[in-house]
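Quick look at coords27.tsv (TSV, C-alpha atoms and all ligand atoms):
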chain	number	residue	atom	x	y	z
A	1	MET	CA	-41.56	31.56	-15.69
A	2	LYS	CA	-44.30	29.05	-15.23
A	3	LYS	CA	-44.06	26.63	-12.38
A	4	THR	CA	-43.53	23.70	-14.75
A	5	SER	CA	-40.67	25.38	-16.63
A	6	VAL	CA	-38.99	26.29	-13.34
A	7	LEU	CA	-39.25	22.65	-12.43
A	8	VAL	CA	-37.81	21.56	-15.77
A	9	VAL	CA	-34.87	23.98	-15.45
A	10	ALA	CA	-34.25	22.86	-11.87
A	11	LEU	CA	-34.38	19.24	-12.92
A	12	ALA	CA	-31.98	19.81	-15.84
A	13	LEU	CA	-29.61	21.64	-13.51
A	14	LEU	CA	-29.78	18.86	-10.99
A	15	MET	CA	-29.13	16.23	-13.68
A	16	SER	CA	-26.09	18.07	-15.03
A	17	VAL	CA	-24.70	18.56	-11.52
A	18	THR	CA	-25.29	14.87	-10.79
A	19	ALA	CA	-23.66	13.86	-14.08
A	20	PHE	CA	-20.66	16.04	-13.26
A	21	ALA	CA	-20.43	14.66	-9.74
A	22	GLN	CA	-20.54	11.10	-11.04
A	23	LYS	CA	-17.34	11.72	-12.99
A	24	LYS	CA	-15.35	12.23	-9.77
A	25	ALA	CA	-14.18	9.38	-7.58
A	26	LYS	CA	-14.67	9.67	-3.83
A	27	ASN	CA	-12.43	6.66	-3.27
A	28	VAL	CA	-9.40	5.47	-5.23
A	29	ILE	CA	-7.87	2.00	-5.06
A	30	VAL	CA	-4.58	1.48	-6.92
A	31	LEU	CA	-3.42	-2.13	-7.21
A	32	ILE	CA	0.15	-2.59	-8.44
A	33	GLY	CA	1.31	-5.97	-9.64
A	34	ASP	CA	5.04	-5.52	-9.27
A	35	GLY	CA	6.82	-6.83	-12.36
A	36	THR	CA	3.53	-7.89	-13.91
A	37	GLY	CA	3.56	-7.66	-17.70
A	38	LEU	CA	1.25	-8.96	-20.39
A	39	ALA	CA	2.73	-12.48	-20.35
A	40	GLN	CA	2.57	-12.83	-16.55
A	41	LEU	CA	-1.13	-11.98	-16.54
A	42	TYR	CA	-1.94	-14.15	-19.53
A	43	ALA	CA	-0.15	-17.04	-17.83
A	44	GLY	CA	-2.33	-16.40	-14.78
A	45	TYR	CA	-5.40	-16.32	-16.99
A	46	GLU	CA	-4.59	-19.69	-18.58
A	47	ALA	CA	-3.74	-21.26	-15.23
A	48	ASN	CA	-7.06	-20.02	-13.82
A	49	ASN	CA	-9.34	-21.78	-16.36
A	50	HIS	CA	-9.14	-18.85	-18.74
A	51	PHE	CA	-10.45	-16.26	-16.35
A	52	LEU	CA	-9.04	-13.18	-14.65
A	53	ASN	CA	-11.01	-10.55	-12.77
A	54	ILE	CA	-8.52	-8.03	-14.11
A	55	TYR	CA	-9.65	-8.89	-17.65
A	56	THR	CA	-13.22	-7.79	-16.81
A	57	MET	CA	-12.11	-4.18	-16.30
A	58	PRO	CA	-13.49	-1.96	-19.07
A	59	HIS	CA	-10.72	0.56	-19.76
A	60	THR	CA	-7.08	-0.06	-20.59
A	61	ALA	CA	-3.98	1.87	-21.58
A	62	LEU	CA	-0.34	1.03	-22.16
A	63	SER	CA	2.24	2.61	-19.90
A	64	LYS	CA	5.87	3.26	-20.84
A	65	THR	CA	8.04	2.63	-17.81
A	66	SER	CA	11.52	4.05	-18.47
A	67	CYS	CA	13.07	6.31	-15.81
A	68	THR	CA	15.21	9.43	-16.30
A	69	ASN	CA	18.59	7.69	-16.39
A	70	LYS	CA	17.69	4.15	-17.46
A	71	ARG	CA	15.74	2.51	-20.24
A	72	VAL	CA	14.80	-0.25	-17.78
A	73	THR	CA	13.45	1.08	-14.50
A	74	ASP	CA	13.32	-0.29	-10.96
A	75	SER	CA	10.44	-0.30	-8.48
A	76	GLY	CA	11.68	2.89	-6.81
A	77	ALA	CA	11.58	5.11	-9.90
A	78	GLY	CA	8.65	3.14	-11.34
A	79	GLY	CA	6.61	3.47	-8.15
A	80	THR	CA	7.51	7.15	-7.76
A	81	ALA	CA	6.35	7.94	-11.31
A	82	ILE	CA	2.94	6.42	-10.55
A	83	ALA	CA	2.67	7.75	-6.99
A	84	CYS	CA	4.08	11.26	-7.48
A	85	GLY	CA	3.62	12.03	-11.19
A	86	GLN	CA	7.24	12.57	-12.17
A	87	LYS	CA	9.83	10.35	-13.77
A	88	THR	CA	12.96	10.21	-11.67
A	89	HIS	CA	16.28	8.39	-11.39
A	90	GLU	CA	16.71	4.72	-10.62
A	91	TYR	CA	16.25	3.79	-6.91
A	92	ALA	CA	14.58	7.13	-6.07
A	93	ILE	CA	11.71	7.10	-3.56
A	94	GLY	CA	9.26	10.01	-3.66
A	95	VAL	CA	11.88	12.45	-4.93
A	96	ASP	CA	12.50	13.97	-8.38
A	97	ALA	CA	15.61	13.52	-10.52
A	98	ASN	CA	17.38	16.14	-8.35
A	99	ASP	CA	16.35	14.36	-5.14
A	100	LYS	CA	13.79	17.02	-4.27
A	101	PRO	CA	10.79	15.52	-2.38
A	102	ILE	CA	7.51	15.40	-4.33
A	103	ASN	CA	4.06	14.79	-2.86
A	104	SER	CA	2.45	11.45	-3.57
A	105	MET	CA	-1.21	10.90	-4.41
A	106	LEU	CA	-1.60	9.26	-1.01
A	107	GLU	CA	-0.23	12.36	0.73
A	108	ILE	CA	-2.43	14.64	-1.38
A	109	ALA	CA	-5.45	12.48	-0.55
A	110	LYS	CA	-4.56	12.82	3.14
A	111	GLN	CA	-4.27	16.59	2.80
A	112	ARG	CA	-7.78	16.58	1.31
A	113	GLY	CA	-9.10	14.84	4.41
A	114	LYS	CA	-9.30	11.34	2.98
A	115	ARG	CA	-8.28	8.21	4.84
A	116	THR	CA	-5.36	6.26	3.43
A	117	GLY	CA	-4.02	2.73	3.34
A	118	ILE	CA	-1.09	0.64	2.10
A	119	LEU	CA	-1.20	-3.17	1.84
A	120	VAL	CA	1.68	-5.25	0.50
A	121	SER	CA	3.06	-8.77	0.69
A	122	CYS	CA	6.65	-7.54	0.86
A	123	ASP	CA	8.30	-5.33	3.49
A	124	VAL	CA	6.16	-2.19	4.11
A	125	CYS	CA	9.38	-0.19	3.68
A	126	HIS	CA	10.17	-1.74	0.28
A	127	ALA	CA	10.35	0.44	-2.86
A	128	THR	CA	6.73	0.28	-4.07
A	129	PRO	CA	4.93	1.13	-0.81
A	130	ALA	CA	7.73	3.59	0.09
A	131	SER	CA	7.09	5.54	-3.13
A	132	PHE	CA	3.65	6.46	-1.77
A	133	MET	CA	4.72	7.59	1.72
A	134	ALA	CA	8.46	8.37	1.94
A	135	HIS	CA	11.00	10.72	0.36
A	136	VAL	CA	14.57	9.46	0.16
A	137	PRO	CA	17.14	9.42	-2.66
A	138	ASN	CA	17.74	5.67	-2.41
A	139	ARG	CA	15.33	2.77	-1.83
A	140	ASN	CA	17.93	0.98	0.32
A	141	MET	CA	17.45	3.55	3.12
A	142	MET	CA	14.78	1.33	4.59
A	143	GLU	CA	15.14	2.29	8.24
A	144	GLU	CA	14.72	5.95	7.23
A	145	ILE	CA	11.68	4.93	5.19
A	146	ALA	CA	10.15	3.29	8.29
A	147	GLU	CA	10.33	6.64	10.12
A	148	PHE	CA	8.00	8.18	7.54
A	149	TYR	CA	5.21	5.96	8.91
A	150	LEU	CA	5.37	8.18	12.02
A	151	GLN	CA	4.16	11.15	9.96
A	152	ASP	CA	0.62	9.77	10.33
A	153	ASN	CA	-0.13	10.02	6.60
A	154	VAL	CA	-1.04	6.33	6.34
A	155	ASP	CA	-4.00	5.30	8.51
A	156	ILE	CA	-3.78	1.58	7.83
A	157	PHE	CA	-0.65	-0.19	6.63
A	158	MET	CA	0.00	-3.92	6.60
A	159	GLY	CA	2.60	-6.29	5.21
A	160	GLY	CA	6.02	-7.57	6.26
A	161	GLY	CA	9.09	-5.66	7.44
A	162	LYS	CA	8.70	-5.77	11.23
A	163	LYS	CA	12.48	-5.67	11.67
A	164	ARG	CA	12.63	-2.14	10.22
A	165	PHE	CA	10.71	-1.04	13.31
A	166	ASP	CA	12.19	-3.05	16.17
A	167	GLN	CA	15.64	-4.23	15.10
A	168	ARG	CA	17.17	-0.97	14.03
A	169	LYS	CA	20.73	0.27	13.90
A	170	ASP	CA	19.74	3.36	15.91
A	171	GLY	CA	18.27	1.12	18.63
A	172	ARG	CA	14.90	2.89	18.55
A	173	ASN	CA	11.71	0.87	18.88
A	174	LEU	CA	9.32	2.34	16.33
A	175	ILE	CA	6.60	-0.11	17.32
A	176	ASP	CA	6.29	1.78	20.62
A	177	SER	CA	6.31	5.02	18.64
A	178	LEU	CA	3.49	3.74	16.41
A	179	LYS	CA	1.45	2.87	19.50
A	180	ASN	CA	2.10	6.38	20.84
A	181	HIS	CA	0.74	7.69	17.56
A	182	GLY	CA	-2.49	5.81	18.16
A	183	TYR	CA	-1.89	2.77	15.95
A	184	GLU	CA	-3.21	-0.63	16.88
A	185	VAL	CA	-0.09	-2.67	16.07
A	186	VAL	CA	-0.79	-6.31	15.15
A	187	PHE	CA	1.48	-9.18	14.21
A	188	ASN	CA	-0.85	-11.85	12.82
A	189	GLU	CA	-4.18	-12.39	11.12
A	190	GLN	CA	-6.13	-13.10	14.32
A	191	GLU	CA	-4.88	-9.91	15.96
A	192	MET	CA	-5.85	-8.05	12.80
A	193	PHE	CA	-9.42	-9.41	13.00
A	194	ASN	CA	-9.57	-8.24	16.63
A	195	THR	CA	-8.71	-4.61	15.83
A	196	LYS	CA	-11.39	-2.04	16.52
A	197	THR	CA	-10.18	1.28	15.08
A	198	GLN	CA	-9.34	2.89	11.77
A	199	LYS	CA	-5.63	3.23	12.54
A	200	ILE	CA	-3.83	-0.06	12.17
A	201	ALA	CA	-0.22	-1.16	11.60
A	202	GLY	CA	0.05	-4.84	10.63
A	203	LEU	CA	3.58	-6.26	10.64
A	204	PHE	CA	3.12	-9.91	9.74
A	205	ALA	CA	6.74	-10.92	9.04
A	206	GLU	CA	10.29	-9.81	9.78
A	207	ASN	CA	11.02	-9.42	6.05
A	208	TYR	CA	8.68	-10.45	3.25
A	209	MET	CA	5.49	-12.36	3.98
A	210	PRO	CA	5.60	-16.03	2.92
A	211	LEU	CA	4.42	-17.10	-0.54
A	212	PHE	CA	0.69	-17.46	-1.28
A	213	LYS	CA	0.57	-21.22	-0.71
A	214	GLU	CA	1.95	-20.73	2.81
A	215	ARG	CA	0.40	-17.40	3.79
A	216	GLY	CA	-3.10	-18.36	2.62
A	217	ASN	CA	-5.76	-15.67	2.29
A	218	ILE	CA	-4.30	-13.20	4.76
A	219	LEU	CA	-3.87	-10.49	2.12
A	220	GLN	CA	-7.41	-10.96	0.80
A	221	ASN	CA	-8.73	-10.77	4.37
A	222	ALA	CA	-6.55	-7.75	5.12
A	223	LEU	CA	-7.92	-6.02	2.02
A	224	THR	CA	-11.55	-6.77	2.94
A	225	LEU	CA	-11.01	-5.50	6.49
A	226	THR	CA	-9.10	-2.42	5.33
A	227	LEU	CA	-11.77	-1.43	2.81
A	228	SER	CA	-14.47	-1.66	5.44
A	229	ARG	CA	-12.45	0.35	8.01
A	230	LEU	CA	-11.44	3.02	5.49
A	231	ASN	CA	-15.07	3.34	4.40
A	232	GLN	CA	-16.61	3.35	7.91
A	233	ASN	CA	-18.49	6.62	8.60
A	234	ASN	CA	-16.35	8.30	5.99
A	235	LYS	CA	-17.80	11.23	4.03
A	236	LYS	CA	-14.53	12.33	2.40
A	237	GLY	CA	-13.43	9.00	0.96
A	238	PHE	CA	-10.13	7.17	0.93
A	239	PHE	CA	-7.04	6.29	-1.06
A	240	LEU	CA	-5.63	2.76	-0.90
A	241	MET	CA	-2.55	1.29	-2.54
A	242	PHE	CA	-2.38	-2.49	-2.69
A	243	GLU	CA	0.69	-4.28	-4.05
A	244	GLY	CA	1.07	-7.82	-5.33
A	245	SER	CA	4.72	-7.54	-4.41
A	246	GLN	CA	6.02	-11.02	-4.96
A	247	ILE	CA	4.96	-11.46	-8.57
A	248	ASP	CA	8.16	-9.50	-9.15
A	249	SER	CA	10.38	-11.47	-6.79
A	250	LYS	CA	9.25	-14.81	-8.22
A	251	ALA	CA	9.75	-13.51	-11.76
A	252	HIS	CA	13.29	-12.50	-10.73
A	253	ASP	CA	13.77	-16.14	-9.71
A	254	ASN	CA	12.18	-17.25	-13.01
A	255	ASP	CA	9.94	-19.40	-10.81
A	256	TYR	CA	6.84	-19.81	-12.98
A	257	GLU	CA	4.69	-21.87	-10.59
A	258	ALA	CA	5.30	-19.63	-7.57
A	259	MET	CA	4.65	-16.57	-9.74
A	260	LEU	CA	1.29	-18.03	-10.81
A	261	GLY	CA	0.31	-18.35	-7.14
A	262	GLU	CA	1.12	-14.68	-6.55
A	263	ILE	CA	-0.92	-13.68	-9.60
A	264	LYS	CA	-3.87	-15.77	-8.41
A	265	ASP	CA	-3.82	-13.99	-5.04
A	266	PHE	CA	-3.39	-10.58	-6.69
A	267	ASP	CA	-6.33	-11.21	-9.04
A	268	GLU	CA	-8.54	-12.27	-6.11
A	269	CYS	CA	-7.63	-9.00	-4.40
A	270	VAL	CA	-8.61	-7.13	-7.57
A	271	ARG	CA	-11.98	-8.93	-7.37
A	272	ILE	CA	-12.44	-7.74	-3.78
A	273	ALA	CA	-11.62	-4.17	-4.86
A	274	LEU	CA	-13.99	-4.38	-7.84
A	275	ASP	CA	-16.80	-5.84	-5.72
A	276	PHE	CA	-16.41	-2.93	-3.32
A	277	ALA	CA	-16.34	-0.40	-6.18
A	278	LYS	CA	-19.42	-1.88	-7.88
A	279	LYS	CA	-21.42	-1.68	-4.65
A	280	ASP	CA	-20.12	1.78	-3.79
A	281	GLY	CA	-20.44	3.44	-7.21
A	282	ASN	CA	-17.97	6.23	-6.32
A	283	THR	CA	-14.72	4.29	-6.38
A	284	LEU	CA	-12.04	4.33	-9.08
A	285	VAL	CA	-10.04	1.09	-9.31
A	286	VAL	CA	-6.74	1.15	-11.22
A	287	VAL	CA	-4.61	-1.95	-11.76
A	288	THR	CA	-1.15	-1.53	-13.19
A	289	ALA	CA	2.52	-2.50	-12.88
A	290	ASP	CA	5.72	-0.56	-12.33
A	291	HIS	CA	7.60	-2.59	-14.97
A	292	GLU	CA	7.84	-6.10	-16.39
A	293	THR	CA	10.16	-8.62	-14.74
A	294	GLY	CA	11.88	-11.65	-16.27
A	295	GLY	CA	11.19	-10.98	-19.95
A	296	LEU	CA	8.58	-13.71	-19.88
A	297	THR	CA	7.20	-15.13	-23.09
A	298	ILE	CA	4.79	-17.97	-23.72
A	299	ASN	CA	5.57	-20.66	-26.27
A	300	ASP	CA	3.50	-23.60	-27.43
A	301	ASP	CA	4.80	-26.95	-26.27
A	302	GLY	CA	2.81	-28.75	-28.99
A	303	LYS	CA	0.42	-30.21	-26.43
A	304	ALA	CA	-2.11	-28.44	-24.23
A	305	GLY	CA	0.02	-26.36	-21.92
A	306	THR	CA	2.17	-23.33	-22.23
A	307	MET	CA	5.92	-23.37	-22.10
A	308	PRO	CA	7.25	-20.32	-20.31
A	309	LYS	CA	10.57	-18.85	-21.38
A	310	TRP	CA	12.37	-16.17	-19.43
A	311	SER	CA	14.89	-13.86	-21.05
A	312	THR	CA	16.38	-12.29	-17.90
A	313	GLY	CA	16.50	-12.37	-14.11
A	314	TRP	CA	16.06	-8.57	-14.04
A	315	HIS	CA	13.39	-6.17	-15.26
A	316	THR	CA	12.68	-5.33	-18.90
A	317	GLY	CA	11.66	-2.12	-20.64
A	318	VAL	CA	8.48	-3.31	-22.36
A	319	PRO	CA	5.37	-1.22	-21.60
A	320	VAL	CA	2.92	-2.50	-19.02
A	321	ILE	CA	-0.86	-2.34	-19.01
A	322	ILE	CA	-3.18	-0.13	-16.99
A	323	TYR	CA	-6.69	-1.49	-16.33
A	324	ALA	CA	-9.36	0.81	-14.88
A	325	TYR	CA	-12.92	0.70	-13.58
A	326	GLY	CA	-15.16	3.39	-12.11
A	327	PRO	CA	-15.43	7.20	-12.25
A	328	GLY	CA	-12.64	8.63	-14.40
A	329	SER	CA	-11.56	5.22	-15.69
A	330	GLU	CA	-12.57	6.22	-19.23
A	331	ASN	CA	-9.57	8.58	-19.28
A	332	PHE	CA	-7.21	5.62	-19.45
A	333	HIS	CA	-6.63	4.90	-23.14
A	334	GLY	CA	-3.82	4.90	-25.67
A	335	VAL	CA	-0.13	4.75	-24.91
A	336	ILE	CA	0.98	6.99	-22.04
A	337	GLU	CA	4.03	7.56	-19.87
A	338	ASN	CA	3.89	5.92	-16.44
A	339	ASN	CA	3.85	9.28	-14.64
A	340	GLU	CA	0.67	10.29	-16.52
A	341	THR	CA	-1.11	7.61	-14.46
A	342	PHE	CA	-0.80	10.08	-11.58
A	343	ASP	CA	-2.40	12.93	-13.59
A	344	ILE	CA	-5.36	10.82	-14.68
A	345	ILE	CA	-6.01	9.55	-11.16
A	346	MET	CA	-5.66	13.03	-9.63
A	347	LYS	CA	-8.10	14.41	-12.19
A	348	ALA	CA	-10.60	11.73	-11.21
A	349	MET	CA	-10.12	12.06	-7.45
A	350	LYS	CA	-12.74	14.23	-5.77
B	1	MG	MG	7.41	-3.72	-5.29
B	2	ZN	ZN	12.05	-6.37	-9.30

Would you encode the structure as structure tokens?
Amino acid sequence: MKKTSVLVVALALLMSVTAFAQKKAKNVIVLIGDGTGLAQLYAGYEANNHFLNIYTMPHTALSKTSCTNKRVTDSGAGGTAIACGQKTHEYAIGVDANDKPINSMLEIAKQRGKRTGILVSCDVCHATPASFMAHVPNRNMMEEIAEFYLQDNVDIFMGGGKKRFDQRKDGRNLIDSLKNHGYEVVFNEQEMFNTKTQKIAGLFAENYMPLFKERGNILQNALTLTLSRLNQNNKKGFFLMFEGSQIDSKAHDNDYEAMLGEIKDFDECVRIALDFAKKDGNTLVVVTADHETGGLTINDDGKAGTMPKWSTGWHTGVPVIIYAYGPGSENFHGVIENNETFDIIMKAMK
């Protein structure tokens, strides 16, 4: 072969390898708006001068949320389907319908040498975060769920739920245990800013963190800090699960205004994730929900505003939306089952 044709072949090879490599995501960020259906987000969009960062994401799919024994799921079975790729029974955490433990995408990422993180505004042992790091038959086993944080699968976790670690029925102090495992344990935003390492446990409240108007930008700042720590000198990438937890709890209360605040904060966190992904170029961002809460609909009040109507104080069975950006995001389309979210993300994850 002539020198030029060798060069052409080499170049073509390199381009195809590069094109292939670009389809895989080094980093994955999953943001779950608990209880966040179409109406909740549209309400957030209207309240935010007709803008949502989530609405700028290029690929979407619909996700059917039923679990194995109920038409209307809960956050345990809903979270487990997304995190572990199998539908399971109501209240299950990281186990299948027969209560057999199943690996989550966070655990698989860890096994592949990636760093991992969990950020929530509820209790870090609550159903959604637990689905990514624990394996118990019932979401109410929250002190058992706390013990799974001592398996060192989650490098950075922050949220509420301090009492699961230091006010336990078994009398153990898991905060000391976390420190023994090398965690910097912090209890407020300032202490979080002062951390130095890539192994952080942030326990900012005994139970849930306060609502957005009281807690301020702590979650946005926690997300920014976590992304930079997970990414620091990191060749293998990371997996991060972020939850807008209290969209669900406020929808349970049918509290429209408070819910809008939670959506505003969640959407700002999506912006932070998207900004990171756009700069990085190797990050898949997936925004979804485990189910819809409140059966919210939006009626016209005849004037300018919207008139929210709730049909329940519990969850509903209507499909939720998946929004995606980055390598592998194009595989989100059509109407899928919630557990297929796992398959599509795992296919994209390098
Ligand atoms: Mg939740
Ligand atoms: Zn709920």

Each region 123-143 of chain A residue no farther than 12 Å from region 25-38 of chain A, nearest pair in Å, only C-alpha atoms, as a Markdown table:
| residue | atom | partner | partner_atom | distance |
| --- | --- | --- | --- | --- |
| A:His126 | CA | A:Asp34 | CA | 11.5 |
| A:Ala127 | CA | A:Asp34 | CA | 10.2 |
| A:Thr128 | CA | A:Asp34 | CA | 8.0 |
| A:Pro129 | CA | A:Ile32 | CA | 9.7 |
| A:Ser131 | CA | A:Ile32 | CA | 11.9 |
| A:Phe132 | CA | A:Val30 | CA | 10.9 |

Take the residues from that selection and put them in a file with C-alpha atoms, as an mmCIF file, in the coordinates of the input.
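See out-v3.cif below for the written result:
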data_model
loop_
_atom_site.group_PDB
_atom_site.id
_atom_site.type_symbol
_atom_site.label_atom_id
_atom_site.label_comp_id
_atom_site.auth_asym_id
_atom_site.auth_seq_id
_atom_site.Cartn_x
_atom_site.Cartn_y
_atom_site.Cartn_z
ATOM 1 C CA HIS A 126 10.170 -1.740 0.280
ATOM 2 C CA ALA A 127 10.350 0.440 -2.860
ATOM 3 C CA THR A 128 6.730 0.280 -4.070
ATOM 4 C CA PRO A 129 4.930 1.130 -0.810
ATOM 5 C CA SER A 131 7.090 5.540 -3.130
ATOM 6 C CA PHE A 132 3.650 6.460 -1.770
#

Taking into account only C-alpha atoms, which residue in the set A:Cys269, A:Ile336, A:Ala277, A:Leu41 is nearest to Ile247 (chain A)?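 Counting only C-alpha atoms, the residue closest to Ile247 (chain A) is A:Leu41.
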
Hey, what's within 7 Å of region 155-164 of chain A if we count all atoms listed in the file and toss same-chain stuff fewer than 2 positions away? As a PDB file with C-alpha atoms, keeping the file's coordinate frame, please?
ATOM      1  CA  ARG A 115      -8.280   8.210   4.840  1.00  0.00           C
ATOM      2  CA  THR A 116      -5.360   6.260   3.430  1.00  0.00           C
ATOM      3  CA  GLY A 117      -4.020   2.730   3.340  1.00  0.00           C
ATOM      4  CA  ILE A 118      -1.090   0.640   2.100  1.00  0.00           C
ATOM      5  CA  LEU A 119      -1.200  -3.170   1.840  1.00  0.00           C
ATOM      6  CA  VAL A 120       1.680  -5.250   0.500  1.00  0.00           C
ATOM      7  CA  SER A 121       3.060  -8.770   0.690  1.00  0.00           C
ATOM      8  CA  CYS A 122       6.650  -7.540   0.860  1.00  0.00           C
ATOM      9  CA  ASP A 123       8.300  -5.330   3.490  1.00  0.00           C
ATOM     10  CA  VAL A 124       6.160  -2.190   4.110  1.00  0.00           C
ATOM     11  CA  CYS A 125       9.380  -0.190   3.680  1.00  0.00           C
ATOM     12  CA  MET A 142      14.780   1.330   4.590  1.00  0.00           C
ATOM     13  CA  GLU A 143      15.140   2.290   8.240  1.00  0.00           C
ATOM     14  CA  ALA A 146      10.150   3.290   8.290  1.00  0.00           C
ATOM     15  CA  ASP A 152       0.620   9.770  10.330  1.00  0.00           C
ATOM     16  CA  ASN A 153      -0.130  10.020   6.600  1.00  0.00           C
ATOM     17  CA  ASP A 166      12.190  -3.050  16.170  1.00  0.00           C
ATOM     18  CA  GLN A 167      15.640  -4.230  15.100  1.00  0.00           C
ATOM     19  CA  ARG A 168      17.170  -0.970  14.030  1.00  0.00           C
ATOM     20  CA  GLN A 198      -9.340   2.890  11.770  1.00  0.00           C
ATOM     21  CA  LYS A 199      -5.630   3.230  12.540  1.00  0.00           C
ATOM     22  CA  ILE A 200      -3.830  -0.060  12.170  1.00  0.00           C
ATOM     23  CA  ALA A 201      -0.220  -1.160  11.600  1.00  0.00           C
ATOM     24  CA  GLY A 202       0.050  -4.840  10.630  1.00  0.00           C
ATOM     25  CA  LEU A 203       3.580  -6.260  10.640  1.00  0.00           C
ATOM     26  CA  PHE A 204       3.120  -9.910   9.740  1.00  0.00           C
ATOM     27  CA  ALA A 205       6.740 -10.920   9.040  1.00  0.00           C
ATOM     28  CA  GLU A 206      10.290  -9.810   9.780  1.00  0.00           C
ATOM     29  CA  ASN A 207      11.020  -9.420   6.050  1.00  0.00           C
ATOM     30  CA  TYR A 208       8.680 -10.450   3.250  1.00  0.00           C
ATOM     31  CA  MET A 209       5.490 -12.360   3.980  1.00  0.00           C
TER      32      MET A 209
END

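Listed by chain and then residue number, the contacts of ligand ZN 2 (chain B) are Asp34, Gly35, Asp74, Ser75, Asp248, Ser249, Ala251, His252, Thr293, Trp314 and His315 of chain A (distance at most 8 Å, using only C-alpha atoms and all ligand atoms).
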
Restricting the calculation to all atoms listed in the file, which member of A:Arg215, A:Lys350, A:Arg139, A:Lys235 is positioned closest to ligand MG 1 (chain B)? A:Arg139

Lys196 (chain A) proximity check over A:Val320, A:Leu225, A:Leu274, A:Ile82, using only C-alpha atoms: winner is A:Leu225

Given all atoms listed in the file as the counted atoms, nearest of A:Ile108, A:Ile344, A:Leu227, A:Ala77 to ligand MG 1 (chain B):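 So, comparing all the options, the nearest one is A:Ala77.
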
Between CA of Leu284 (chain A) and CA of Ile102 (chain A), what is the distance, to one decimal in Å? 23.0 Å

Which residues, written as a PyMOL selection string, have at least one atom at most 10 Å from Val286 (chain A), with only C-alpha atoms counted and residues fewer than 6 positions away on the same chain left out? chain A and resi 28-32+54+57+59-60+241+270+273-274+322-326+329+332+341+345

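With CA of Glu107 (chain A) on one side and CA of Asn53 (chain A) on the other, the separation reads 28.7 Å.
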